[in-house]
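Below is the file query.pdb, which contains PDB, C-alpha atoms (C1' of nucleotides).
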ATOM      1  CA  MET F  18      -2.261 -24.689 -38.973  1.00  0.00           C
ATOM      2  CA  ARG F  19      -1.455 -27.232 -36.286  1.00  0.00           C
ATOM      3  CA  PRO F  20       1.996 -27.336 -34.633  1.00  0.00           C
ATOM      4  CA  ALA F  21       3.100 -30.236 -36.900  1.00  0.00           C
ATOM      5  CA  PHE F  22       3.141 -27.847 -39.875  1.00  0.00           C
ATOM      6  CA  TYR F  23       5.861 -25.819 -38.153  1.00  0.00           C
ATOM      7  CA  ASP F  24       7.828 -28.807 -36.847  1.00  0.00           C
ATOM      8  CA  ARG F  25      10.089 -28.959 -39.942  1.00  0.00           C
ATOM      9  CA  PRO F  26      13.179 -27.184 -41.316  1.00  0.00           C
ATOM     10  CA  VAL F  27      12.472 -23.472 -40.927  1.00  0.00           C
ATOM     11  CA  VAL F  28      13.447 -22.564 -44.514  1.00  0.00           C
ATOM     12  CA  GLU F  29      10.868 -25.037 -45.818  1.00  0.00           C
ATOM     13  CA  VAL F  30       8.162 -23.557 -43.606  1.00  0.00           C
ATOM     14  CA  ALA F  31       9.098 -19.995 -44.637  1.00  0.00           C
ATOM     15  CA  ARG F  32       8.549 -20.866 -48.296  1.00  0.00           C
ATOM     16  CA  GLU F  33       5.258 -22.653 -47.657  1.00  0.00           C
ATOM     17  CA  LEU F  34       3.832 -19.838 -45.550  1.00  0.00           C
ATOM     18  CA  ILE F  35       3.676 -17.660 -48.681  1.00  0.00           C
ATOM     19  CA  GLY F  36      -0.013 -17.618 -49.573  1.00  0.00           C
ATOM     20  CA  CYS F  37      -1.268 -18.536 -46.096  1.00  0.00           C
ATOM     21  CA  VAL F  38      -3.586 -16.180 -44.205  1.00  0.00           C
ATOM     22  CA  VAL F  39      -2.813 -14.337 -40.948  1.00  0.00           C
ATOM     23  CA  SER F  40      -5.770 -12.977 -38.993  1.00  0.00           C
ATOM     24  CA  ARG F  41      -6.385 -11.260 -35.694  1.00  0.00           C
ATOM     25  CA  ASP F  42      -9.695  -9.966 -34.408  1.00  0.00           C
ATOM     26  CA  GLY F  43     -11.440  -9.365 -37.759  1.00  0.00           C
ATOM     27  CA  CYS F  44      -8.416  -8.214 -39.757  1.00  0.00           C
ATOM     28  CA  ALA F  45      -6.682 -10.613 -42.134  1.00  0.00           C
ATOM     29  CA  GLY F  46      -4.096 -10.712 -44.916  1.00  0.00           C
ATOM     30  CA  VAL F  47      -2.348 -13.163 -47.226  1.00  0.00           C
ATOM     31  CA  ILE F  48       1.380 -13.641 -46.506  1.00  0.00           C
ATOM     32  CA  VAL F  49       3.396 -12.373 -49.495  1.00  0.00           C
ATOM     33  CA  GLU F  50       6.848 -12.068 -47.870  1.00  0.00           C
ATOM     34  CA  SER F  51       8.676 -14.111 -45.216  1.00  0.00           C
ATOM     35  CA  GLU F  52      12.174 -14.788 -43.907  1.00  0.00           C
ATOM     36  CA  ALA F  53      13.710 -17.795 -42.103  1.00  0.00           C
ATOM     37  CA  TYR F  54      15.947 -17.479 -39.024  1.00  0.00           C
ATOM     38  CA  HIS F  55      17.841 -20.330 -37.319  1.00  0.00           C
ATOM     39  CA  HIS F  56      19.925 -20.352 -34.121  1.00  0.00           C
ATOM     40  CA  SER F  57      22.971 -21.632 -36.053  1.00  0.00           C
ATOM     41  CA  GLU F  58      23.450 -18.282 -37.850  1.00  0.00           C
ATOM     42  CA  PRO F  59      24.233 -14.934 -36.168  1.00  0.00           C
ATOM     43  CA  ALA F  60      21.357 -12.906 -37.629  1.00  0.00           C
ATOM     44  CA  CYS F  61      18.926 -14.946 -35.532  1.00  0.00           C
ATOM     45  CA  HIS F  62      17.962 -13.706 -32.076  1.00  0.00           C
ATOM     46  CA  ALA F  63      18.349 -17.298 -30.851  1.00  0.00           C
ATOM     47  CA  PHE F  64      22.057 -17.255 -31.810  1.00  0.00           C
ATOM     48  CA  VAL F  65      22.897 -16.006 -28.285  1.00  0.00           C
ATOM     49  CA  GLY F  66      21.306 -19.090 -26.743  1.00  0.00           C
ATOM     50  CA  LEU F  67      18.453 -19.507 -24.289  1.00  0.00           C
ATOM     51  CA  THR F  68      17.639 -16.257 -22.481  1.00  0.00           C
ATOM     52  CA  GLU F  69      14.434 -14.675 -21.232  1.00  0.00           C
ATOM     53  CA  ARG F  70      14.022 -12.967 -24.589  1.00  0.00           C
ATOM     54  CA  THR F  71      14.557 -16.121 -26.675  1.00  0.00           C
ATOM     55  CA  ARG F  72      12.533 -18.466 -24.459  1.00  0.00           C
ATOM     56  CA  VAL F  73       9.622 -18.649 -26.912  1.00  0.00           C
ATOM     57  CA  LEU F  74      11.984 -19.214 -29.875  1.00  0.00           C
ATOM     58  CA  PHE F  75      13.359 -22.349 -28.216  1.00  0.00           C
ATOM     59  CA  GLY F  76       9.893 -23.545 -27.194  1.00  0.00           C
ATOM     60  CA  PRO F  77       7.332 -25.666 -29.041  1.00  0.00           C
ATOM     61  CA  PRO F  78       6.603 -24.952 -32.756  1.00  0.00           C
ATOM     62  CA  GLY F  79       3.431 -23.208 -33.878  1.00  0.00           C
ATOM     63  CA  ARG F  80       3.637 -20.321 -31.400  1.00  0.00           C
ATOM     64  CA  ALA F  81       4.005 -16.600 -32.106  1.00  0.00           C
ATOM     65  CA  TYR F  82       7.308 -14.885 -31.268  1.00  0.00           C
ATOM     66  CA  VAL F  83       6.627 -11.137 -31.086  1.00  0.00           C
ATOM     67  CA  TYR F  84       9.513  -8.789 -30.278  1.00  0.00           C
ATOM     68  CA  ARG F  85      10.089  -5.045 -30.129  1.00  0.00           C
ATOM     69  CA  SER F  86      12.138  -3.648 -32.979  1.00  0.00           C
ATOM     70  CA  TYR F  87      14.143  -0.414 -32.692  1.00  0.00           C
ATOM     71  CA  GLY F  88      12.253   0.389 -29.501  1.00  0.00           C
ATOM     72  CA  ILE F  89       9.194   1.313 -31.529  1.00  0.00           C
ATOM     73  CA  HIS F  90       7.746  -1.463 -33.675  1.00  0.00           C
ATOM     74  CA  ALA F  91       6.582  -5.034 -33.086  1.00  0.00           C
ATOM     75  CA  CYS F  92       7.542  -7.876 -35.438  1.00  0.00           C
ATOM     76  CA  LEU F  93       5.672 -11.193 -35.807  1.00  0.00           C
ATOM     77  CA  ASN F  94       7.343 -14.595 -36.193  1.00  0.00           C
ATOM     78  CA  ALA F  95       6.097 -18.192 -36.312  1.00  0.00           C
ATOM     79  CA  VAL F  96       8.240 -20.506 -34.164  1.00  0.00           C
ATOM     80  CA  CYS F  97       9.461 -23.610 -36.059  1.00  0.00           C
ATOM     81  CA  GLU F  98      11.339 -26.898 -35.572  1.00  0.00           C
ATOM     82  CA  PRO F  99      11.276 -29.082 -32.426  1.00  0.00           C
ATOM     83  CA  PRO F 100      11.563 -27.661 -28.880  1.00  0.00           C
ATOM     84  CA  GLY F 101      15.206 -26.924 -28.115  1.00  0.00           C
ATOM     85  CA  VAL F 102      15.875 -25.604 -31.634  1.00  0.00           C
ATOM     86  CA  GLY F 103      15.684 -21.798 -31.861  1.00  0.00           C
ATOM     87  CA  ALA F 104      14.093 -21.099 -35.243  1.00  0.00           C
ATOM     88  CA  ALA F 105      11.297 -18.928 -36.597  1.00  0.00           C
ATOM     89  CA  VAL F 106       9.792 -17.392 -39.722  1.00  0.00           C
ATOM     90  CA  LEU F 107       9.522 -13.592 -39.747  1.00  0.00           C
ATOM     91  CA  ILE F 108       6.279 -12.486 -41.416  1.00  0.00           C
ATOM     92  CA  ARG F 109       7.380  -9.442 -43.439  1.00  0.00           C
ATOM     93  CA  ALA F 110       4.354  -8.450 -45.546  1.00  0.00           C
ATOM     94  CA  LEU F 111       0.669  -9.185 -46.136  1.00  0.00           C
ATOM     95  CA  GLU F 112      -1.833  -8.452 -48.838  1.00  0.00           C
ATOM     96  CA  PRO F 113      -4.924  -7.221 -46.908  1.00  0.00           C
ATOM     97  CA  VAL F 114      -8.109  -9.250 -47.477  1.00  0.00           C
ATOM     98  CA  GLU F 115     -10.362  -8.465 -44.499  1.00  0.00           C
ATOM     99  CA  GLY F 116     -10.926  -5.577 -42.094  1.00  0.00           C
ATOM    100  CA  VAL F 117      -9.258  -3.100 -44.446  1.00  0.00           C
ATOM    101  CA  ASP F 118     -11.032  -0.060 -42.989  1.00  0.00           C
ATOM    102  CA  LEU F 119      -9.886  -0.926 -39.464  1.00  0.00           C
ATOM    103  CA  MET F 120      -6.345  -1.340 -40.808  1.00  0.00           C
ATOM    104  CA  ARG F 121      -6.616   2.114 -42.425  1.00  0.00           C
ATOM    105  CA  ALA F 122      -7.710   3.615 -39.118  1.00  0.00           C
ATOM    106  CA  ARG F 123      -4.863   1.978 -37.180  1.00  0.00           C
ATOM    107  CA  ARG F 124      -2.256   2.961 -39.784  1.00  0.00           C
ATOM    108  CA  GLY F 125      -3.639   6.427 -40.554  1.00  0.00           C
ATOM    109  CA  LEU F 126      -3.177   5.695 -44.261  1.00  0.00           C
ATOM    110  CA  GLU F 127      -5.501   4.976 -47.165  1.00  0.00           C
ATOM    111  CA  ARG F 128      -3.674   3.010 -49.845  1.00  0.00           C
ATOM    112  CA  VAL F 129      -4.101  -0.756 -49.458  1.00  0.00           C
ATOM    113  CA  GLN F 130      -0.525  -1.436 -50.566  1.00  0.00           C
ATOM    114  CA  ASP F 131       0.783   0.750 -47.695  1.00  0.00           C
ATOM    115  CA  LEU F 132      -1.113  -1.004 -44.888  1.00  0.00           C
ATOM    116  CA  CYS F 133       0.886  -4.227 -44.397  1.00  0.00           C
ATOM    117  CA  SER F 134       3.942  -3.873 -46.676  1.00  0.00           C
ATOM    118  CA  GLY F 135       6.546  -4.301 -43.923  1.00  0.00           C
ATOM    119  CA  PRO F 136       7.041  -6.268 -40.674  1.00  0.00           C
ATOM    120  CA  GLY F 137       6.282  -3.289 -38.422  1.00  0.00           C
ATOM    121  CA  LYS F 138       3.402  -2.115 -40.582  1.00  0.00           C
ATOM    122  CA  LEU F 139       1.439  -5.360 -40.543  1.00  0.00           C
ATOM    123  CA  THR F 140       1.582  -5.708 -36.749  1.00  0.00           C
ATOM    124  CA  GLN F 141       0.227  -2.178 -36.403  1.00  0.00           C
ATOM    125  CA  ALA F 142      -2.517  -2.855 -38.973  1.00  0.00           C
ATOM    126  CA  LEU F 143      -3.618  -6.094 -37.252  1.00  0.00           C
ATOM    127  CA  GLY F 144      -3.343  -4.725 -33.714  1.00  0.00           C
ATOM    128  CA  ILE F 145      -0.534  -7.168 -32.812  1.00  0.00           C
ATOM    129  CA  TRP F 146       1.605  -6.119 -29.844  1.00  0.00           C
ATOM    130  CA  LEU F 147       4.032  -7.652 -27.376  1.00  0.00           C
ATOM    131  CA  GLU F 148       1.222  -9.193 -25.308  1.00  0.00           C
ATOM    132  CA  ASP F 149       0.710 -11.651 -28.181  1.00  0.00           C
ATOM    133  CA  ASN F 150       4.175 -13.146 -27.639  1.00  0.00           C
ATOM    134  CA  GLY F 151       3.895 -16.909 -27.127  1.00  0.00           C
ATOM    135  CA  CYS F 152       0.314 -17.266 -28.356  1.00  0.00           C
ATOM    136  CA  ASP F 153      -0.706 -20.490 -30.112  1.00  0.00           C
ATOM    137  CA  LEU F 154      -1.092 -19.786 -33.848  1.00  0.00           C
ATOM    138  CA  ALA F 155      -3.860 -22.385 -34.142  1.00  0.00           C
ATOM    139  CA  ALA F 156      -5.895 -21.121 -31.159  1.00  0.00           C
ATOM    140  CA  GLY F 157      -5.295 -17.364 -31.435  1.00  0.00           C
ATOM    141  CA  PRO F 158      -5.680 -14.494 -30.857  1.00  0.00           C
ATOM    142  CA  ILE F 159      -3.307 -14.502 -33.840  1.00  0.00           C
ATOM    143  CA  VAL F 160      -4.290 -17.299 -36.250  1.00  0.00           C
ATOM    144  CA  ILE F 161      -2.503 -18.581 -39.373  1.00  0.00           C
ATOM    145  CA  GLU F 162      -4.575 -20.682 -41.773  1.00  0.00           C
ATOM    146  CA  ARG F 163      -3.964 -22.589 -44.997  1.00  0.00           C
ATOM    147  CA  LYS F 164      -3.954 -20.942 -48.377  1.00  0.00           C
ATOM    148  CA  PRO F 165      -7.174 -19.764 -50.025  1.00  0.00           C
ATOM    149  CA  ARG F 166      -7.917 -21.505 -53.316  1.00  0.00           C
ATOM    150  CA  ARG F 167      -6.766 -18.661 -55.521  1.00  0.00           C
ATOM    151  CA  TRP F 168      -3.389 -18.658 -53.712  1.00  0.00           C
ATOM    152  CA  ARG F 169      -2.820 -22.404 -54.080  1.00  0.00           C
ATOM    153  CA  ALA F 170       0.435 -22.154 -56.028  1.00  0.00           C
ATOM    154  CA  PRO F 171       1.834 -18.645 -55.918  1.00  0.00           C
ATOM    155  CA  GLN F 172       5.108 -18.200 -57.776  1.00  0.00           C
ATOM    156  CA  VAL F 173       7.758 -17.738 -55.082  1.00  0.00           C
ATOM    157  CA  ALA F 174      11.079 -15.914 -55.392  1.00  0.00           C
ATOM    158  CA  ALA F 175      14.027 -16.458 -53.017  1.00  0.00           C
ATOM    159  CA  SER F 176      16.479 -13.666 -52.200  1.00  0.00           C
ATOM    160  CA  LYS F 177      18.747 -12.309 -49.465  1.00  0.00           C
ATOM    161  CA  ARG F 178      17.211 -11.198 -46.178  1.00  0.00           C
ATOM    162  CA  VAL F 179      16.499  -7.534 -45.543  1.00  0.00           C
ATOM    163  CA  GLY F 180      17.862  -5.195 -42.869  1.00  0.00           C
ATOM    164  CA  ILE F 181      20.498  -7.450 -41.276  1.00  0.00           C
ATOM    165  CA  THR F 182      24.279  -7.071 -40.985  1.00  0.00           C
ATOM    166  CA  LYS F 183      25.263 -10.712 -40.258  1.00  0.00           C
ATOM    167  CA  ALA F 184      24.833 -13.858 -42.364  1.00  0.00           C
ATOM    168  CA  THR F 185      23.743 -11.632 -45.239  1.00  0.00           C
ATOM    169  CA  GLU F 186      24.651 -14.197 -47.914  1.00  0.00           C
ATOM    170  CA  LEU F 187      21.814 -16.624 -47.119  1.00  0.00           C
ATOM    171  CA  GLU F 188      18.858 -16.481 -49.538  1.00  0.00           C
ATOM    172  CA  TRP F 189      16.246 -17.152 -46.895  1.00  0.00           C
ATOM    173  CA  ARG F 190      13.748 -14.473 -47.912  1.00  0.00           C
ATOM    174  CA  PHE F 191      10.678 -15.557 -49.883  1.00  0.00           C
ATOM    175  CA  CYS F 192       8.268 -13.370 -51.849  1.00  0.00           C
ATOM    176  CA  ALA F 193       5.092 -13.894 -53.861  1.00  0.00           C
ATOM    177  CA  VAL F 194       6.128 -12.791 -57.344  1.00  0.00           C
ATOM    178  CA  GLY F 195       4.203  -9.787 -58.631  1.00  0.00           C
ATOM    179  CA  SER F 196       2.598  -8.754 -55.333  1.00  0.00           C
ATOM    180  CA  ARG F 197       2.234  -5.008 -54.868  1.00  0.00           C
ATOM    181  CA  CYS F 198       2.378  -5.359 -51.082  1.00  0.00           C
ATOM    182  CA  LEU F 199       6.051  -6.336 -50.624  1.00  0.00           C
ATOM    183  CA  SER F 200       8.317  -4.345 -48.283  1.00  0.00           C
ATOM    184  CA  ARG F 201      10.849  -4.224 -51.131  1.00  0.00           C
ATOM    185  CA  PRO F 202      10.884  -5.718 -54.646  1.00  0.00           C
ATOM    186  CA  ALA F 203      11.785  -9.408 -55.060  1.00  0.00           C
ATOM    187  CA  PHE F 204      15.015 -10.073 -56.926  1.00  0.00           C
ATOM    188  CA  SER F 205      16.306 -13.551 -57.699  1.00  0.00           C
ATOM    189  CA  ARG F 206      13.972 -16.429 -58.469  1.00  0.00           C
ATOM    190  CA  ALA F 207      13.405 -19.910 -57.208  1.00  0.00           C
TER     191      ALA F 207
ATOM    192  C1'  DC I  23      26.032  -0.670 -13.697  1.00  0.00           C
ATOM    193  C1'  DA I  24      26.821   1.818 -18.300  1.00  0.00           C
ATOM    194  C1'  DT I  25      26.566   1.383 -22.975  1.00  0.00           C
ATOM    195  C1'  DG I  26      25.669   0.120 -27.797  1.00  0.00           C
ATOM    196  C1'  DG I  27      22.925  -1.738 -31.167  1.00  0.00           C
ATOM    197  C1'  DG I  28      19.156  -3.305 -33.629  1.00  0.00           C
ATOM    198  C1'  DA I  29      14.931  -8.785 -38.341  1.00  0.00           C
ATOM    199  C1'  DT I  30      12.018  -0.495 -38.999  1.00  0.00           C
ATOM    200  C1'  DT I  31       9.509   3.368 -40.420  1.00  0.00           C
ATOM    201  C1'  DG I  32       8.434   7.935 -41.906  1.00  0.00           C
ATOM    202  C1'  DA I  33       9.830  12.605 -42.444  1.00  0.00           C
ATOM    203  C1'  DC I  34      13.010  15.489 -44.457  1.00  0.00           C
ATOM    204  C1'  DT I  35      17.175  17.367 -47.711  1.00  0.00           C
TER     205       DT I  35
ATOM    206  C1'  DG U  18      19.628   9.789 -50.487  1.00  0.00           C
ATOM    207  C1'  DT U  19      20.073  10.743 -44.899  1.00  0.00           C
ATOM    208  C1'  DC U  20      18.502  10.478 -40.175  1.00  0.00           C
ATOM    209  C1'  DA U  21      15.965  10.511 -35.668  1.00  0.00           C
ATOM    210  C1'  DA U  22      12.748   8.090 -32.710  1.00  0.00           C
ATOM    211  C1'  DT U  23      12.841   4.897 -28.597  1.00  0.00           C
ATOM    212  C1'  DC U  24      13.674   0.961 -25.340  1.00  0.00           C
ATOM    213  C1'  DC U  25      14.913  -3.589 -24.146  1.00  0.00           C
ATOM    214  C1'  DC U  26      18.476  -6.745 -24.012  1.00  0.00           C
ATOM    215  C1'  DA U  27      23.151  -8.592 -24.174  1.00  0.00           C
ATOM    216  C1'  DT U  28      27.647  -7.491 -23.356  1.00  0.00           C
ATOM    217  C1'  DG U  29      31.616  -5.699 -21.019  1.00  0.00           C
ATOM    218  C1'  DC U  30      33.855  -3.092 -17.424  1.00  0.00           C
TER     219       DC U  30
END
Turn this file's structure into structure tokens for me.
Amino acid sequence: MRPAFYDRPVVEVARELIGCVVSRDGCAGVIVESEAYHHSEPACHAFVGLTERTRVLFGPPGRAYVYRSYGIHACLNAVCEPPGVGAAVLIRALEPVEGVDLMRARRGLERVQDLCSGPGKLTQALGIWLEDNGCDLAAGPIVIERKPRRWRAPQVAASKRVGITKATELEWRFCAVGSRCLSRPAFSRA
DNA sequence: CATGGGATTGACT
DNA sequence: GTCAATCCCATGC
């Protein structure tokens, strides 16, 4: 989508990204899990302010923020809200729809539900790495597009974010109810 | 300049 | 259930 889609409150964008499609170089998947992060709360990388690492987070909406996690993995975010506001949606899980065999080769696994069911897994499956940091999500190489018809109105559950130690009370995680490709089961409903 | 800690995953007890 | 891998960044001395 165009930058205007992302130029809104990050929690709103996180919810609406459920059902949208992420693609890169022939591999694609439907977003089934997302989380919102905002510079006003300490779980967000942008909480520390503008640094070299957070430059993209504070930049224009509609760009990819890709960072290294635990020294090993890459995680993909969509930057939201106007320039000067550090906010992004972490893409946590996809349901594979295209390029499944290439994803299997990259992951070294067979089962479709194991290919993209986690933030580090989906970047490996799609070939996303740190070089993609800052790329325009409308122009690529990583592209996010509107929902396919069958995903028009997925039932979405809200719950607490996963894997963080600060601001754990916020229910800023969103899941497509019933998907078998979530990183963890969805709990509460919204 | 040294150090600690991750928005995780997969292998192992 | 526990735990190591691995490295960049932010913090503190």
Which polymer residues have any atom within 12 Å of an atom of I:DT25, counting all atoms listed in the file, with same-chain residues fewer than 5 positions away left out, as JSON, numbers by chain? {"U": [26, 27, 28, 29, 30]}
Write out, as a JSON list (two decimals), in the frame of the given file, the residues just selected, with C-alpha atoms (C1' of nucleotides).
[["chain", "number", "residue", "atom", "x", "y", "z"],
["U", 26, "DC", "C1'", 18.48, -6.74, -24.01],
["U", 27, "DA", "C1'", 23.15, -8.59, -24.17],
["U", 28, "DT", "C1'", 27.65, -7.49, -23.36],
["U", 29, "DG", "C1'", 31.62, -5.70, -21.02],
["U", 30, "DC", "C1'", 33.85, -3.09, -17.42]]
Applying 10 Å and only C-alpha atoms (C1' of nucleotides), which residues near F:Arg72 remain after dropping the ones on its own chain fewer than 6 positions away? List them as a list in words.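 The contact residues come out as Ala63, Gly66, Tyr82, Gly101, Gly103 and Gly151 of chain F.
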Find the residues in chain F near chain I: any atom within 12 Å counts, using only C-alpha atoms (C1' of nucleotides). Write them as number ranges by chain. F: 51-55, 59-63, 83-94, 105-109, 124, 131, 134-141, 178-185, 190, 200
Give me, as a VMD selection string, the contact residues of chain U against chain F at a cut-off of 8 Å, counting all atoms listed in the file. chain U and resid 22 to 26
Could you list, as a list of chain:residue names, every residue within 7 Å of F:Val49, counting all atoms listed in the file and ignoring same-chain residues fewer than 3 positions away?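 Everything that qualifies: F:Ile35, F:Gly36, F:Ala110, F:Leu111, F:Glu112, F:Cys192, F:Ala193, F:Ser196, F:Leu199.
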Rounded to one decimal in Å, what is the spacing between atom CA of F:Arg41 and atom CA of F:His56?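 Computing it gives 27.9 Å between the two atoms.
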Name every residue that the PyMOL selection byres ((chain F and resi 156) around 12) selects in this structure, writing the answer as a list in words with chains first and numbers rising. Met18, Arg19, Pro20, Ser40, Arg41, Gly79, Arg80, Ala81, Asp149, Gly151, Cys152, Asp153, Leu154, Ala155, Gly157, Pro158, Ile159, Val160, Ile161 and Glu162 of chain F
Selection: 9 Å around F:Ala142, all atoms listed in the file, excl. self and same-chain fewer than 4 positions, as a PyMOL selection string: chain F and resi 44+117+119-124+132-133+137-138
So how far away is atom CA of F:Leu74 from atom CA of F:Pro99, in Å? 10.2 Å
Find the distance between atom CA of F:Ala95 and atom CA of F:Asn150 and write it in Å to one decimal. 10.2 Å
If the PyMOL selection byres ((chain F and resi 23) around 8) were run on this exact file, what residues would it hold? Put them as a ChimeraX atom specification. /F:19-22,24-25,27,30,78-79,95-98
